[in-house]
Structures are given as structure tokens and as C-alpha cells.
Number of protein chains: 2
Amino acid sequence: MQALKYSRQRESIKNFLAGRKDHPTADIVYTELRKTYPNISLGTVYRNLALLTDLGDIQKITAGDGVDRYDANTTPHNHFICRRCKAVLDLDMEDISYIKDIASEKFDGVIESYSVNFYGICPSCKRDLTNE
Amino acid sequence: MQALKYSRQRESIKNFLAGRKDHPTADIVYTELRKTYPNISLGTVYRNLALLTDLGDIQKITAGDGVDRYDANTTPHNHFICRRCKAVLDLDMEDISYIKDIASEKFDGVIESYSVNFYGICPSCKRDLTNE
DNA sequence: GTTTTTGCAAAGTATTTGCAAATGG
DNA sequence: CCATTTGCAAATACTTTGCAAAAAC
């Protein structure tokens, strides 16, 4: 049971995320979709973001600033969070998934996954700071 | 200006954290300190945890489950979060701080720090699951 | 027709904040 | 005394949830 039924709202949330390279919060998704679907509700957005995350269609990012963000890119990659403008960027970097094995070496439990966030100053803010 | 004045509450929060190897939430700190200081308030606990974090005396851990945790151990180390019992454990593992350099290679901004969380099943839950 | 999803509003968490009183230096 | 910190309560921010109506199949 619990078959999945199509919903225009869910579809548009997924498409909206797929078209963004930044990592919108639930509230941004809601505000933007509202332009096309004036009646969509925040609850629906949250429900679908959670469902899509469970399905593995999207990824939830916890950057540590109190708001969760969502990413349609579910291939393994790491994030950078700018401490000045709070932007969350994808990092183009060499694979470091072997850190999972390093962590497992002296650990008696099971390590299934990991998440890395890098923090600092993004390229754009770096420019701003240089020209100040 | 903004000189730091001693406070019994701040001192006890710091000491309480120093005596724990798990990673208590603000609410746990509050509930436990209340046994010694029945009048301490949650606001005071939050204010001091934020202040101590800024001072670098403690570390804030965002595990991704909506509650922040605090750690008196400020030496670089990584955390493991059990998806079954939600325990947050320190990982005894080889240094991986070079991932900062790897991340910097193709990145035009400044990477100042990073945080890694590993997820899976802790040793204790692993035992429980085996004996089920 | 039955089940899932929605919109709306209310409720639930976690955390922050304004302010007068208390405390520290 | 003056500046900082506290306790308290109210406010805020983010997310979840109950329920009747709407949509999907």
C-alpha cells in the first residue's frame, strides 16, 4: 500500500530545484512556486521536499545556520558555505569518499555515509572585500 | 568596551560540558544545571553557549536533526551520528585535515574550515541489532 | 469509489530577545 | 557606580500536523 500518486505540486517542486544551481530553502521554493501556483501552501512544499528526499530524488543540506536547503543534484559532492553572504556552493573537487574507510578503521560500528561542509569566503565576497 | 565579567552560570556550563563525553543539547545542559542552580534560565544557557562558542572555549555541533549540540573538546576531531539512537560520538581517526587543501585546489574563494559528520549505526546499536 | 494529496490553520520545536533587577569589577 | 549578566516571558524562526475538500487512479 501507500502507492504514490502524481501531483502537479510535487512535479513543479522537483523541476524548480532541478533548474537551480544554488540550494534554495523551503521558503524560497514556496515563494517562487507561488508565482505559478498562487494557492500552493508551505505545508505542501515541506511535505514534498521530505518525500522527494526519502525517494532519493533530491538531497537535503544542513549547513548549520538553522535552515535546511535542498539540492536536486544527488550525485556525491561537497558543499561550501560562505560565512559572509551565506551562499551555499557546490565544490568541484577530487573525490574524498575514502575518508569513510579511514573513519571505519578504528570504529566498531557501521559507517554508512558522511557529509562534509567547508566554510570560508566565497569568490564573490572575496572580490568585494578586496575592493573595499 | 564589552569586557567579559565572571558569571557563576557561565562557569558551571563550561564545567558541565567539560565533564561529559557525549554532546549535550542546550536543553540537557539546562535541565542538568537546574539541579544545582534551580533559577538558571534557558535563555542564559543559550546566551552562554553562544558566547563560549564565539570565544572558542566550546564547539557547536550541528548533526542535522534540528537540535544543536555542544562539545567542550575543541581539538579537531570528527563526529559520528547514529541513525538509530541519535547518539553523537567522537571518532578516533587519522587526521584528514588535508581535505581542506583538496577543496581549495579548484576553488577561487578562501576555505577556512570544514566539518565532517559520519552517519550509520553505533557499536551499541549494532550489538542490539545482532541479538534481535 | 477509494486512496493520496492539498490548502489552511493551528501546533510544535528550537532558539533568540527585550527589559528590569541582580551581580561583577 | 557603571557595565555586564541574569531570569523571566514573550517573540521569532523553522517545520510538522490535523482535517475536510480536491485530485489522482
# chains A, B, ... in the order shown; residues from 1 in each chain; ligands from 1
call {"tool": "closest_atom_pairs", "arguments": {"of": "chain D", "to": "chain B", "cutoff": "7 Å", "atoms": "only C-alpha atoms (C1' of nucleotides)", "output": "JSON lines"}}
result
{"residue": "D:DT4", "atom": "C1'", "partner": "B:Lys5", "partner_atom": "CA", "distance": 6.2}
{"residue": "D:DT6", "atom": "C1'", "partner": "B:Thr44", "partner_atom": "CA", "distance": 6.8}
{"residue": "D:DG7", "atom": "C1'", "partner": "B:Ser41", "partner_atom": "CA", "distance": 5.9}
call {"tool": "interface_residues", "arguments": {"of": "chain A", "to": "chain B", "cutoff": "8 Å", "atoms": "only C-alpha atoms", "output": "MDAnalysis selection string"}}
result
chainID A and resid 62 64 66 91:94 96 99:100 102:103 105:124 126
call {"tool": "closest_residue", "arguments": {"among": "C:DT5, C:DC19, C:DG25, C:DA10", "to": "chain A", "atoms": "only C-alpha atoms (C1' of nucleotides)"}}
result
C:DT5
call {"tool": "select_by_dssp", "arguments": {"residues": "region 87-124 of chain A", "states": "strand (DSSP E or B)", "output": "tab-separated table (two decimals) with all heavy atoms, in the first residue's frame"}}
result
chain	number	residue	atom	x	y	z
A	88	VAL	N	25.46	28.91	-0.46
A	88	VAL	CA	25.89	27.51	-0.41
A	88	VAL	C	26.27	27.10	-1.83
A	88	VAL	O	25.44	27.13	-2.73
A	88	VAL	CB	24.77	26.60	0.12
A	88	VAL	CG1	25.20	25.15	0.09
A	88	VAL	CG2	24.39	27.01	1.53
A	89	LEU	N	27.51	26.76	-2.03
A	89	LEU	CA	28.00	26.43	-3.37
A	89	LEU	C	28.43	24.98	-3.46
A	89	LEU	O	28.89	24.39	-2.49
A	89	LEU	CB	29.22	27.31	-3.71
A	89	LEU	CG	29.08	28.82	-3.53
A	89	LEU	CD1	30.42	29.50	-3.80
A	89	LEU	CD2	28.00	29.36	-4.45
A	90	ASP	N	28.30	24.41	-4.67
A	90	ASP	CA	28.85	23.09	-4.92
A	90	ASP	C	30.35	23.22	-5.10
A	90	ASP	O	30.81	24.16	-5.75
A	90	ASP	CB	28.27	22.51	-6.22
A	90	ASP	CG	26.82	22.10	-6.03
A	90	ASP	OD1	26.45	21.75	-4.91
A	90	ASP	OD2	26.07	22.14	-7.03
A	91	LEU	N	31.09	22.30	-4.55
A	91	LEU	CA	32.54	22.33	-4.73
A	91	LEU	C	32.95	21.34	-5.80
A	91	LEU	O	32.54	20.18	-5.78
A	91	LEU	CB	33.25	21.99	-3.42
A	91	LEU	CG	33.45	23.12	-2.43
A	91	LEU	CD1	34.17	22.60	-1.20
A	91	LEU	CD2	34.25	24.26	-3.07
A	110	VAL	N	28.98	0.79	12.31
A	110	VAL	CA	28.91	0.77	10.85
A	110	VAL	C	28.80	2.20	10.33
A	110	VAL	O	27.89	2.93	10.71
A	110	VAL	CB	27.67	-0.01	10.36
A	110	VAL	CG1	27.67	-0.11	8.84
A	110	VAL	CG2	27.62	-1.38	11.00
A	111	ILE	N	29.72	2.58	9.47
A	111	ILE	CA	29.63	3.91	8.87
A	111	ILE	C	29.01	3.78	7.49
A	111	ILE	O	29.53	3.09	6.62
A	111	ILE	CB	31.01	4.58	8.82
A	111	ILE	CG1	31.45	4.84	10.26
A	111	ILE	CG2	30.95	5.88	8.02
A	111	ILE	CD1	32.74	5.59	10.42
A	112	GLU	N	27.86	4.41	7.33
A	112	GLU	CA	27.10	4.26	6.09
A	112	GLU	C	27.28	5.44	5.15
A	112	GLU	O	27.26	5.29	3.94
A	112	GLU	CB	25.62	4.10	6.43
A	112	GLU	CG	25.34	2.88	7.29
A	112	GLU	CD	23.91	2.86	7.82
A	112	GLU	OE1	23.29	3.93	7.97
A	112	GLU	OE2	23.42	1.76	8.11
A	113	SER	N	27.43	6.60	5.73
A	113	SER	CA	27.55	7.80	4.89
A	113	SER	C	28.25	8.91	5.66
A	113	SER	O	28.54	8.77	6.85
A	113	SER	CB	26.18	8.27	4.44
A	113	SER	OG	25.43	8.65	5.57
A	114	TYR	N	28.48	10.00	4.98
A	114	TYR	CA	29.10	11.13	5.65
A	114	TYR	C	28.69	12.39	4.92
A	114	TYR	O	28.17	12.33	3.81
A	114	TYR	CB	30.63	11.00	5.65
A	114	TYR	CG	31.23	11.15	4.28
A	114	TYR	CD1	31.65	12.41	3.82
A	114	TYR	CD2	31.36	10.06	3.43
A	114	TYR	CE1	32.18	12.55	2.54
A	114	TYR	CE2	31.89	10.21	2.16
A	114	TYR	CZ	32.29	11.44	1.72
A	114	TYR	OH	32.81	11.58	0.47
A	115	SER	N	28.91	13.50	5.57
A	115	SER	CA	28.66	14.77	4.91
A	115	SER	C	29.72	15.77	5.34
A	115	SER	O	30.06	15.87	6.52
A	115	SER	CB	27.24	15.23	5.23
A	115	SER	OG	27.23	16.48	5.83
A	116	VAL	N	30.28	16.44	4.36
A	116	VAL	CA	31.33	17.43	4.63
A	116	VAL	C	30.86	18.80	4.20
A	116	VAL	O	30.32	18.95	3.11
A	116	VAL	CB	32.61	17.16	3.82
A	116	VAL	CG1	33.75	18.01	4.34
A	116	VAL	CG2	32.99	15.70	3.84
A	117	ASN	N	31.04	19.77	5.05
A	117	ASN	CA	30.79	21.16	4.67
A	117	ASN	C	32.06	21.95	4.87
A	117	ASN	O	32.70	21.84	5.93
A	117	ASN	CB	29.68	21.76	5.54
A	117	ASN	CG	28.30	21.24	5.18
A	117	ASN	OD1	27.41	21.24	6.01
A	117	ASN	ND2	28.12	20.79	3.96
A	118	PHE	N	32.39	22.74	3.87
A	118	PHE	CA	33.55	23.62	4.01
A	118	PHE	C	33.04	25.04	4.24
A	118	PHE	O	31.98	25.42	3.72
A	118	PHE	CB	34.40	23.57	2.74
A	118	PHE	CG	35.09	22.25	2.54
A	118	PHE	CD1	34.48	21.23	1.81
A	118	PHE	CD2	36.34	22.01	3.10
A	118	PHE	CE1	35.11	19.99	1.63
A	118	PHE	CE2	36.97	20.79	2.93
A	118	PHE	CZ	36.35	19.77	2.20
A	119	TYR	N	33.76	25.80	5.03
A	119	TYR	CA	33.34	27.16	5.35
A	119	TYR	C	34.45	28.15	5.03
A	119	TYR	O	35.62	27.82	5.10
A	119	TYR	CB	32.99	27.27	6.84
A	119	TYR	CG	31.86	26.35	7.24
A	119	TYR	CD1	32.11	25.05	7.66
A	119	TYR	CD2	30.54	26.79	7.17
A	119	TYR	CE1	31.06	24.21	8.00
A	119	TYR	CE2	29.49	25.95	7.52
A	119	TYR	CZ	29.75	24.66	7.94
A	119	TYR	OH	28.72	23.83	8.26
A	120	GLY	N	34.05	29.37	4.70
A	120	GLY	CA	35.03	30.40	4.41
A	120	GLY	C	34.40	31.56	3.67
A	120	GLY	O	33.27	31.93	3.95
A	121	ILE	N	35.16	32.11	2.74
A	121	ILE	CA	34.70	33.27	1.97
A	121	ILE	C	34.57	32.87	0.50
A	121	ILE	O	35.53	32.38	-0.09
A	121	ILE	CB	35.72	34.42	2.10
A	121	ILE	CG1	35.88	34.85	3.56
A	121	ILE	CG2	35.31	35.61	1.23
A	121	ILE	CD1	34.65	35.51	4.15
call {"tool": "interface_residues", "arguments": {"of": "chain C", "to": "chain A", "cutoff": "8 Å", "atoms": "only C-alpha atoms (C1' of nucleotides)", "output": "list in words"}}
result
DT4, DT5, DT6, DG7 and DC8 of chain C
call {"tool": "atom_distance", "arguments": {"atom1": "CA of Tyr30 (chain A)", "atom2": "C1' of DT17 (chain D)"}}
result
18.1 Å
call {"tool": "select_by_dssp", "arguments": {"residues": "region 1-91 of chain A", "states": "alpha helix (DSSP H)", "output": "PyMOL selection string"}}
result
chain A and resi 8-18+26-36+42-55
call {"tool": "write_last_selection", "arguments": {"atoms": "C-alpha atoms", "output": "mmCIF file, in the first residue's frame"}}
result
data_model
loop_
_atom_site.group_PDB
_atom_site.id
_atom_site.type_symbol
_atom_site.label_atom_id
_atom_site.label_comp_id
_atom_site.auth_asym_id
_atom_site.auth_seq_id
_atom_site.Cartn_x
_atom_site.Cartn_y
_atom_site.Cartn_z
ATOM 1 C CA ARG A 8 1.428 18.828 -10.081
ATOM 2 C CA GLN A 9 2.844 20.481 -6.979
ATOM 3 C CA ARG A 10 5.418 17.781 -6.379
ATOM 4 C CA GLU A 11 6.396 17.809 -10.019
ATOM 5 C CA SER A 12 6.923 21.549 -10.033
ATOM 6 C CA ILE A 13 8.973 21.462 -6.834
ATOM 7 C CA LYS A 14 11.236 18.869 -8.384
ATOM 8 C CA ASN A 15 11.553 20.846 -11.614
ATOM 9 C CA PHE A 16 12.170 24.063 -9.802
ATOM 10 C CA LEU A 17 15.036 22.540 -7.859
ATOM 11 C CA ALA A 18 16.457 20.900 -10.960
ATOM 12 C CA ALA A 26 11.832 25.509 1.669
ATOM 13 C CA ASP A 27 10.690 29.075 1.962
ATOM 14 C CA ILE A 28 12.368 30.121 -1.267
ATOM 15 C CA VAL A 29 10.813 27.169 -3.084
ATOM 16 C CA TYR A 30 7.452 28.191 -1.661
ATOM 17 C CA THR A 31 7.792 31.867 -2.567
ATOM 18 C CA GLU A 32 8.927 31.124 -6.101
ATOM 19 C CA LEU A 33 6.338 28.451 -6.836
ATOM 20 C CA ARG A 34 3.677 30.760 -5.538
ATOM 21 C CA LYS A 35 4.213 32.886 -8.638
ATOM 22 C CA THR A 36 2.989 29.996 -10.765
ATOM 23 C CA LEU A 42 4.112 25.882 2.723
ATOM 24 C CA GLY A 43 2.957 22.609 4.243
ATOM 25 C CA THR A 44 2.750 21.036 0.814
ATOM 26 C CA VAL A 45 6.224 22.267 -0.006
ATOM 27 C CA TYR A 46 7.668 20.800 3.176
ATOM 28 C CA ARG A 47 5.787 17.537 2.734
ATOM 29 C CA ASN A 48 7.041 17.113 -0.803
ATOM 30 C CA LEU A 49 10.594 18.111 -0.031
ATOM 31 C CA ALA A 50 10.642 15.450 2.668
ATOM 32 C CA LEU A 51 9.085 12.879 0.356
ATOM 33 C CA LEU A 52 11.454 13.641 -2.518
ATOM 34 C CA THR A 53 14.361 13.409 -0.100
ATOM 35 C CA ASP A 54 13.166 9.992 1.069
ATOM 36 C CA LEU A 55 12.778 8.852 -2.512
#
call {"tool": "atom_distance", "arguments": {"atom1": "CA of Arg20 (chain A)", "atom2": "CA of Tyr70 (chain A)"}}
result
10.0 Å
